[in-house]
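Student: Below you'll find the structure I mean.
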There are 2 protein chains.
Amino acid sequence: MLEKYQDRIRLPLLRNKVTTAAAAAEWVQDGMTVGMSGFTRAGDVKKVPLALADRARHEKLKITLITGASLGHDVDKVLTEAGALARRMPFQADPVLRAAINRGEVMYIDQHLSETVEMLRTRQIAPIDIAIVEAIAITETGALIPSTSVGNSASFAILADKVIVEINLTQSLELEGLHDIFIPKHRPQREPIPLMTPHDRIGTTAIEIPFEKIVAIVITDEKDSSSTILPADAETAAIASHLVNFFKQEVALGRLTDSLLPIQAGIGTIANAVMMGFVDSPFEHLTMYSEVLQDSTFDLFDAGKLDFASGSSITLSREKSKQVFGDITRYKDRLVLRPQEVTNHPEVIRRLGIIAINTALEADIYGNVNSTHVLGTHMMNGIGGSGDFARNAYLSVFATKSIAKGGKISSIVPMVSHVDHTEHDVDILVTEIGLADLRGLAPRERAQVIINQCVAEPYRAMLNEYVAKANQGGGQTPHVLEQAFSWHTRYRDTGSMLPEHTHPAPEIELIRLLSEPFESPETQAV
Amino acid sequence: MLEKYQDRIRLPLLRNKVTTAAAAAEWVQDGMTVGMSGFTRAGDVKKVPLALADRARHEKLKITLITGASLGHDVDKVLTEAGALARRMPFQADPVLRAAINRGEVMYIDQHLSETVEMLRTRQIAPIDIAIVEAIAITETGALIPSTSVGNSASFAILADKVIVEINLTQSLELEGLHDIFIPKHRPQREPIPLMTPHDRIGTTAIEIPFEKIVAIVITDEKDSSSTILPADAETAAIASHLVNFFKQEVALGRLTDSLLPIQAGIGTIANAVMMGFVDSPFEHLTMYSEVLQDSTFDLFDAGKLDFASGSSITLSREKSKQVFGDITRYKDRLVLRPQEVTNHPEVIRRLGIIAINTALEADIYGNVNSTHVLGTHMMNGIGGSGDFARNAYLSVFATKSIAKGGKISSIVPMVSHVDHTEHDVDILVTEIGLADLRGLAPRERAQVIINQCVAEPYRAMLNEYVAKANQGGGQTPHVLEQAFSWHTRYRDTGSMLPEHTHPAPEIELIRLLSEPFESPETQAV
């Protein structure tokens with residue numbers, strides 16, 4: 001049987017390491033810190049985590065789980081339900097885990113995605129005891145060839161004493177050569193990252209580790225989970241259109257060429273839709289220097305708009321996945337997957353002059369952004385890489401629909417209930433209503449532009465009323481502290497941010513108003 | 001008369017550009033954007049701004065004033081009082097200007113100090129019409145040799161069509177050779193910044209511009225304003241001691257060597273005192289990669305603790321200034337002054353692995369930091385470079401005294417009233433009470449460590465009470481939104497964050513408690 005893995009396990013003496021997931025999982029002990037591959041549902045390990053959950057149901061087994069970013073296959077859910085997670089970092093997007101985090105049962109360390117391996121490398125947090133990493137193959141020297149994501153896998157494998165490899169037979173061997181593994185040196189020997197364009201290759205195509213560290217190999221044959229993004233709707237299309245118009249203007253002003261600058265786009269429906277807006281744009285020879293490559297990346301390739309895309313993972317819908325991975329050679333020379341430390345590195349982001357496009361859960365009148373916490377307290381997913389990009393980018397854009405829950409929530413509030421991105425890091429705020437260019441504006445000016453450009457009635461009037469009252473108290477950033485969160489507490493108590501006497505009538509008004517410009521029934525489903 | 005400036009204006013044909021401040025100021029027109037030298041009261045222009053103010057008192061003259069950072073000589077005050085400032089960026093520290101900003105009369109754009117010239121270079125904000133720069137001399141080719149700061153002066157002079165130079169005769173010609181002017185190229189030609197240690201020299205010693213751009217030269221003979229830092233007191237000494245002990249532990253754990261990593265220290269009394277703590281520490285061969293070099297830098301040189309210091313300005317007390325500038329050759333080979341874009345560059349900060357030590361106005365139980373806004377609305381100074389460093393550092397420390405105004409203000413509050421630094425960017429929080437190591441902790445854990453380590457009674461009990469109530473509502477970051485700012489509004493309304501029934505008695509208790517460990521009467525003067 002082992003001969004059939006010749007192309008997958010090319011160092012023969014490693015073939016006797018092939019074992020069951022259950023046997024491999026025995027290497028993990030209670031209290032350990034485990035580094036697992038996986039970044040936005042791509043390239044995660046599929047079997048060993050489930051075997052760990054099986055053990056945790058019958059014995060005391062609580063681990064600290066560190067990944068690249070979110071996992072697929074309900075791994076976070078299964079591990080949570082089995083009680084196997086004591087601590088989790090640096091990102092997650094699972095409803096069951098999220099609930100456990102918000103109950104205070106799992107300690108969740110929400111981190112800038114560029115920082116996790118820096119902290120591990122400098123031993124500022126507990127070391128990785130064991131790495132569990134998906135690969136398409138192990139080379140003749142024992143190096144690991146990653147699959148659809150790199151994330152933190154390379155550093156996990158390098159830093160851990162023991163490595164378990166899941167060889168995923170459903171991941172095409174054609175992926176070999178796609179990756180560029182570059183690991184910064186320890187300080188003070190650290191040198192510049194020699195990356196001058198998104199397409200520069202600066203590392204190796206596999207993760208080079210001493211093969212003796214590989215303690216177990218598990219064969220799997222499950223595909224990555226598909227992405228859960230929704231198709232563009234009228235609002236996301238309007239957001240995309242506002243942004244395309246803005247970039248046209250920047251080109252007209254001579255600030256950008258019509259290939260713009262390398263683009264980073266956050267994960268999710270809005271970011272994907274924004275990128276889709278470039279398909280019918282006048283821009284040419286675009287490049288991406290991003291974390292996650294979603295469906296839109298490949299639509300942009302197919303439209304002839306995009307020259308090159310650098311990311312840390314490829315996360316696609318079921319249909320797009322079939323198309324792309326069914327013919328990956330078609331795209332391969334225009335793609336590279338890097339460690340998230342490199343995709344998100346402040347050095348590279350500032351040097352390349354990234355246009356960073358991320359999504360806001362809510363923003364306030366001064367342009368502070370909450371990306372993570374519902375009503376200021378309950379974690380949604382995590383800050384992810386948005387902070388790496390927004391702080392160091394050439395231009396930092398945040399996008400959100402102006403309302404949620406059928407208009408009962410305004411995404412633009414007097415004061416965000418949690419700050420992930422301060423006003424200093426938000427150059428452009430865009431909703432389906434319009435785009436606020438905040439560059440070079442003082443907070444009082446930002447408030448006027450945001451309210452006028454990004455908000456519809458009745459919230460616009462409500463915000464103007466708040467501003468008028470706040471201005472009476474003066475300040476660089478006027479606020480009425482007693483009322484700063486009154487919209488949030490009203491929503492919590494009444495189910496709507498609208499004052500009781502105004503709904504439901506204005507709510508309907510608002511929806512009608514929003515849907516008009518797009519003549520689309522989808523807006524009813526906001 | 002002009003011969004006497006031979007050593008100061010070495011390109012003879014420029015000597016006929018010497019004129020009065022009033023005549024030079026005529027080059028500035030209403031509505032212009034003016035870039036002036038000056039960073040933390042060092043190397044600012046002394047005469048032309050006052051001549052501008054004179055004009056503004058009699059004619060309509062409102063400018064956008066961009067500097068490196070804060071200015072000395074009451075320049076911001078005089079310009080404000082003359083009504084000459086329409087807009088101001090990226091930093092200030094003047095009480096009169098601050099008041100005008102808080103009244104909404106001057107639009108103040110508070111920026112990360114690394115970003116201003118990036119935005120100018122890429123024309124994302126209105127261009128510099130004229131640069132007014134202090135120099136110790138103009139070279140044979142018309143290049144400007146800066147004085148005690150570089151700040152943004154080099155880029156101002158390069159980007160502006162017209163340059164006014166103030167030659168300051170009180171600034172020693174021995175400063176020549178101290179500066180290292182490196183300007184990143186325009187994208188996409190931009191290359192790595194080839195700086196691998198704080199002492200690397202990567203640029204030129206003068207600001208090279210076409211000499212034809214120099215439209216006027218004004219001779220001045222006023223010293224820089226002295227720094228306003230206060231001597232260390234019992235609290236700042238305790239903060240320094242906690243930090244030294246923390247670093248000892250990090251060395252013992254093998255995370256750092258006893259030369260640590262390059263240190264950045266913010267401006268002001270607390271940061272200066274913290275650096276003074278290294279004088280009697282066991283650490284050797286320290287280096288600084290900072291913005292402002294204060295008194296403590298030279299005390300550390302004199303103590304044989306510091307090998308090299310890189311900064312963008314030298315800002316000293318009157319006494320220290322006499323000593324240092326009276327014998328600058330003694331220190332010169334251990335010093336370099338760089339553009340603030342380079343001192344604060346994310347690329348260099350992450351590469352070198354900076355230990356960033358900045359001060360907080362207030363912090364909250366989760367480790368979010370407010371550096372700028374009193375009661376969430378009124379600007380104090382500005383975020384300065386703290387965001388450049390805190391986001392990209394190896395280790396980000398924030399220091400504050402635990403109380404202010406004789407105990408009527410707790411610097412640790414349930415929720416900061418303004419966020420400059422999110423919990424992601426705060427690794428260590430230290431007060432005179434103790435040090436909270438927040439690395440790898442989830443928010444609920446951070447709250448316990450901060451309250452236990454950094455806060456004294458009665459605020460400790462009050463914060464524990466808040467946490468208990470907040471936890472009932474659950475969440476990753478529990479809060480009671482209605483009460484999140486109740487300490488701030490209570491202070492605003494009653495003059496104290498303590499509930500009315502508790503003061504004045506517990507206030508006295510608190511002061512007593514704080515002063516005990518230090519056996520010092522100074523704590524009475526908190």
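Chain identifiers are assigned as A, B, and so on, following the order in which chains appear in the structure tokens; residues are numbered from 1 within each chain, and ligands are numbered from 1 in order of appearance.
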With a distance cut-off of 10 Å and only C-alpha atoms, select the neighbouring residues of Arg446 (chain B), excluding the residue or stretch itself and same-chain residues fewer than 4 positions from it, and output the selection as a short mmCIF file (atom, residue, chain, number, x, y, z; two decimals) with N, CA, C and O atoms, in the first residue's frame.

Tutor:
data_model
loop_
_atom_site.label_atom_id
_atom_site.label_comp_id
_atom_site.auth_asym_id
_atom_site.auth_seq_id
_atom_site.Cartn_x
_atom_site.Cartn_y
_atom_site.Cartn_z
N ASP B 364 -7.52 51.22 29.87
CA ASP B 364 -8.67 50.55 30.48
C ASP B 364 -8.32 49.14 30.91
O ASP B 364 -7.18 48.67 30.74
N ILE B 365 -9.30 48.49 31.51
CA ILE B 365 -9.05 47.17 32.10
C ILE B 365 -8.64 46.14 31.07
O ILE B 365 -8.07 45.11 31.42
N TYR B 366 -8.91 46.38 29.79
CA TYR B 366 -8.49 45.43 28.76
C TYR B 366 -7.18 45.83 28.10
O TYR B 366 -6.69 45.14 27.22
N GLY B 367 -6.65 46.99 28.51
CA GLY B 367 -5.36 47.40 27.97
C GLY B 367 -5.46 48.28 26.74
O GLY B 367 -4.46 48.47 26.05
N GLU B 423 -6.01 47.09 22.38
CA GLU B 423 -5.39 46.08 23.25
C GLU B 423 -4.37 45.23 22.49
O GLU B 423 -3.42 44.73 23.10
N ASP B 427 1.44 45.39 25.05
CA ASP B 427 1.95 44.15 25.63
C ASP B 427 2.15 44.27 27.13
O ASP B 427 1.93 43.32 27.87
N ALA B 436 1.84 44.92 34.46
CA ALA B 436 0.97 43.88 33.94
C ALA B 436 1.55 43.38 32.61
O ALA B 436 1.69 44.14 31.67
N ASP B 437 1.91 42.10 32.60
CA ASP B 437 2.43 41.47 31.38
C ASP B 437 1.25 40.82 30.67
O ASP B 437 0.72 39.81 31.11
N LEU B 438 0.83 41.43 29.57
CA LEU B 438 -0.43 41.05 28.93
C LEU B 438 -0.24 40.12 27.74
O LEU B 438 -1.20 39.73 27.09
N ARG B 439 0.98 39.77 27.45
CA ARG B 439 1.26 38.95 26.27
C ARG B 439 0.57 37.59 26.36
O ARG B 439 0.68 36.90 27.37
N GLY B 440 -0.12 37.25 25.31
CA GLY B 440 -0.75 35.94 25.24
C GLY B 440 -1.98 35.78 26.11
O GLY B 440 -2.45 34.66 26.32
N LEU B 441 -2.50 36.89 26.61
CA LEU B 441 -3.69 36.80 27.47
C LEU B 441 -4.94 37.25 26.71
O LEU B 441 -4.90 38.16 25.88
N ALA B 442 -6.06 36.60 27.04
CA ALA B 442 -7.36 37.00 26.50
C ALA B 442 -7.87 38.20 27.31
O ALA B 442 -7.42 38.42 28.45
N ILE B 450 -4.38 43.48 34.96
CA ILE B 450 -4.25 44.94 35.05
C ILE B 450 -4.77 45.45 36.39
O ILE B 450 -4.13 46.25 37.07
N ILE B 451 -5.94 44.98 36.77
CA ILE B 451 -6.53 45.46 38.04
C ILE B 451 -5.64 45.07 39.22
O ILE B 451 -5.36 45.87 40.10
N ASN B 452 -5.16 43.83 39.20
CA ASN B 452 -4.33 43.38 40.34
C ASN B 452 -2.96 44.04 40.37
O ASN B 452 -2.43 44.31 41.44
N THR B 477 -15.13 40.63 25.58
CA THR B 477 -14.67 41.85 26.24
C THR B 477 -15.87 42.43 26.99
O THR B 477 -16.51 43.37 26.53
#

Student: Using only C-alpha atoms, I'd like every residue of chain A that has an atom within 6 Å of chain B; please write them out as JSON, numbers by chain.

Tutor: {"A": [102, 103, 107, 108, 109, 125, 346, 347, 377, 378, 379, 440, 442, 474, 475, 476, 477, 478]}

Student: Can you pull out the residues contacting Arg8 (chain A)? Cut-off 7 Å, using only C-alpha atoms, and skip same-chain residues under 5 positions away; I want them as a PyMOL selection string.

Tutor: chain A and resi 136-138

Student: Any chance you could export the current selection's N, CA, C and O atoms as a CSV table (one decimal), in the first residue's frame?

Tutor:
chain,number,residue,atom,x,y,z
A,136,ILE,N,0.7,18.7,0.5
A,136,ILE,CA,0.4,17.8,-0.7
A,136,ILE,C,1.4,16.7,-0.8
A,136,ILE,O,1.1,15.7,-1.4
A,137,ALA,N,2.6,17.0,-0.3
A,137,ALA,CA,3.7,16.0,-0.4
A,137,ALA,C,4.8,16.3,0.5
A,137,ALA,O,4.9,17.5,0.9
A,138,ILE,N,5.6,15.3,0.8
A,138,ILE,CA,6.9,15.5,1.5
A,138,ILE,C,8.0,15.2,0.5
A,138,ILE,O,8.0,14.2,-0.2

Student: Excluding region 9-26 of chain A and residues on its chain fewer than 4 positions from it, collect all residues at most 8 Å away from it, counting only C-alpha atoms, and give them as JSON, numbers by chain.

Tutor: {"A": [2, 5, 47, 48, 49, 51, 52, 137, 138, 139, 140, 141, 142, 164, 211, 214, 215, 216, 217, 218, 219]}

Student: So that each row is one residue of region 297-403 of chain A with an atom at most 12 Å from region 179-183 of chain A, can you give its shortest atom pair and the distance in Å to one decimal, using only C-alpha atoms, rows by chain and rising number, as a tab-separated table?

Tutor:
residue	atom	partner	partner_atom	distance
A:Ser310	CA	A:His179	CA	9.7
A:Gly311	CA	A:His179	CA	9.6
A:Ser312	CA	A:His179	CA	8.9
A:Ser313	CA	A:His179	CA	10.0
A:Ile314	CA	A:His179	CA	11.6
A:Lys332	CA	A:His179	CA	10.1
A:Asp333	CA	A:His179	CA	11.0
A:Arg334	CA	A:His179	CA	11.7
A:Leu335	CA	A:His179	CA	8.6
A:Val336	CA	A:His179	CA	5.5
A:Leu337	CA	A:His179	CA	4.7
A:Arg338	CA	A:Asp180	CA	5.2
A:Pro339	CA	A:Ile181	CA	6.4
A:Gln340	CA	A:Ile181	CA	10.1
A:Glu341	CA	A:Ile183	CA	8.2
A:Val342	CA	A:Phe182	CA	7.5
A:Thr343	CA	A:Phe182	CA	10.5
A:His345	CA	A:Ile183	CA	11.4

Student: Extract the full set of strand (DSSP E) residues from region 120-184 of chain B according to DSSP on the backbone, and format it as a list in words.

Tutor: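 Listing strand (DSSP E) positions across region 120-184 of chain B yields Ile130, Ala131, Ile132, Val133, Glu134, Ala135, Ala137, Ile138, Leu144, Ile145, Lys162, Val163, Ile164, Val165, Glu166, Ile167 and Asn168 of chain B.
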
Student: For the residues in that selection, give me N, CA, C and O atoms as a CSV table (one decimal), in the first residue's frame.

Tutor:
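Now in selection-v1.csv:
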chain,number,residue,atom,x,y,z
B,130,ILE,N,5.5,76.1,0.5
B,130,ILE,CA,6.8,76.7,0.9
B,130,ILE,C,7.3,76.0,2.1
B,130,ILE,O,6.6,75.6,3.0
B,131,ALA,N,8.6,75.8,2.1
B,131,ALA,CA,9.3,75.2,3.3
B,131,ALA,C,10.1,76.2,4.0
B,131,ALA,O,10.8,77.0,3.4
B,132,ILE,N,10.0,76.2,5.3
B,132,ILE,CA,10.8,77.2,6.2
B,132,ILE,C,11.6,76.3,7.2
B,132,ILE,O,11.0,75.7,8.1
B,133,VAL,N,12.9,76.3,7.0
B,133,VAL,CA,13.7,75.3,7.6
B,133,VAL,C,14.9,75.9,8.3
B,133,VAL,O,15.6,76.7,7.7
B,134,GLU,N,15.1,75.5,9.6
B,134,GLU,CA,16.3,75.9,10.3
B,134,GLU,C,17.5,75.0,9.8
B,134,GLU,O,17.4,73.8,9.6
B,135,ALA,N,18.7,75.7,9.7
B,135,ALA,CA,19.9,75.0,9.3
B,135,ALA,C,21.0,75.6,10.1
B,135,ALA,O,21.0,76.7,10.5
B,137,ALA,N,24.0,75.5,8.5
B,137,ALA,CA,24.7,76.0,7.4
B,137,ALA,C,24.1,75.5,6.1
B,137,ALA,O,23.4,74.6,6.1
B,138,ILE,N,24.5,76.2,5.0
B,138,ILE,CA,24.2,75.8,3.6
B,138,ILE,C,25.5,75.4,3.0
B,138,ILE,O,26.5,76.2,3.1
B,144,LEU,N,21.2,71.8,2.7
B,144,LEU,CA,21.0,72.3,4.0
B,144,LEU,C,21.5,71.4,5.1
B,144,LEU,O,21.1,70.2,5.1
B,145,ILE,N,22.2,71.9,6.0
B,145,ILE,CA,22.7,71.1,7.1
B,145,ILE,C,21.7,71.4,8.3
B,145,ILE,O,21.7,72.5,8.8
B,162,LYS,N,9.7,76.4,-3.1
B,162,LYS,CA,10.4,77.5,-2.5
B,162,LYS,C,10.8,77.2,-1.1
B,162,LYS,O,10.0,76.6,-0.4
B,163,VAL,N,12.0,77.5,-0.8
B,163,VAL,CA,12.5,77.2,0.6
B,163,VAL,C,13.1,78.5,1.2
B,163,VAL,O,13.9,79.2,0.6
B,164,ILE,N,12.7,78.7,2.4
B,164,ILE,CA,13.3,79.8,3.2
B,164,ILE,C,14.1,79.1,4.3
B,164,ILE,O,13.7,78.1,4.9
B,165,VAL,N,15.4,79.6,4.4
B,165,VAL,CA,16.3,78.9,5.4
B,165,VAL,C,16.6,79.9,6.5
B,165,VAL,O,16.9,81.1,6.3
B,166,GLU,N,16.4,79.5,7.7
B,166,GLU,CA,16.9,80.2,8.9
B,166,GLU,C,18.2,79.6,9.3
B,166,GLU,O,18.3,78.5,9.7
B,167,ILE,N,19.3,80.4,9.2
B,167,ILE,CA,20.6,80.0,9.7
B,167,ILE,C,20.7,80.4,11.2
B,167,ILE,O,20.7,81.6,11.4
B,168,ASN,N,20.8,79.4,12.0
B,168,ASN,CA,20.8,79.8,13.5
B,168,ASN,C,22.3,79.7,14.0
B,168,ASN,O,22.9,78.7,14.1

Student: Provide the CA of Trp27 (chain B) to CA of Val78 (chain B) distance in Å, to one decimal place.

Tutor: 19.1 Å

Student: For CA of Val34 (chain A) and CA of Asp224 (chain A), determine how far apart the two atoms are, in Å to one decimal place.

Tutor: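 These atoms are spaced 20.3 Å apart.
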
Student: Work out how far CA of Ala234 (chain A) is from CA of Asn358 (chain A), in Å to one decimal.

Tutor: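 Computed distance, CA of Asn358 (chain A) to CA of Ala234 (chain A), equals 18.7 Å.
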
Student: What's around Thr329 (chain B) at 12 Å? Count only C-alpha atoms, leave out sequence neighbours fewer than 6 positions away in its own chain, and write the answer as a ChimeraX atom specification.

Tutor: /B:172-178,323,335

Student: Using C-alpha atoms, can you export the residues from the last selection as a CSV table (one decimal), in the first residue's frame?

Tutor:
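File selection.csv, as written:
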chain,number,residue,atom,x,y,z
B,172,SER,CA,27.1,74.8,16.7
B,173,LEU,CA,28.8,74.0,13.4
B,174,GLU,CA,30.0,70.9,15.2
B,175,LEU,CA,26.5,69.4,14.5
B,176,GLU,CA,27.6,68.9,10.9
B,177,GLY,CA,27.9,65.2,10.2
B,178,LEU,CA,25.4,64.3,12.9
B,323,GLN,CA,26.5,70.4,28.9
B,335,LEU,CA,24.5,59.8,17.8
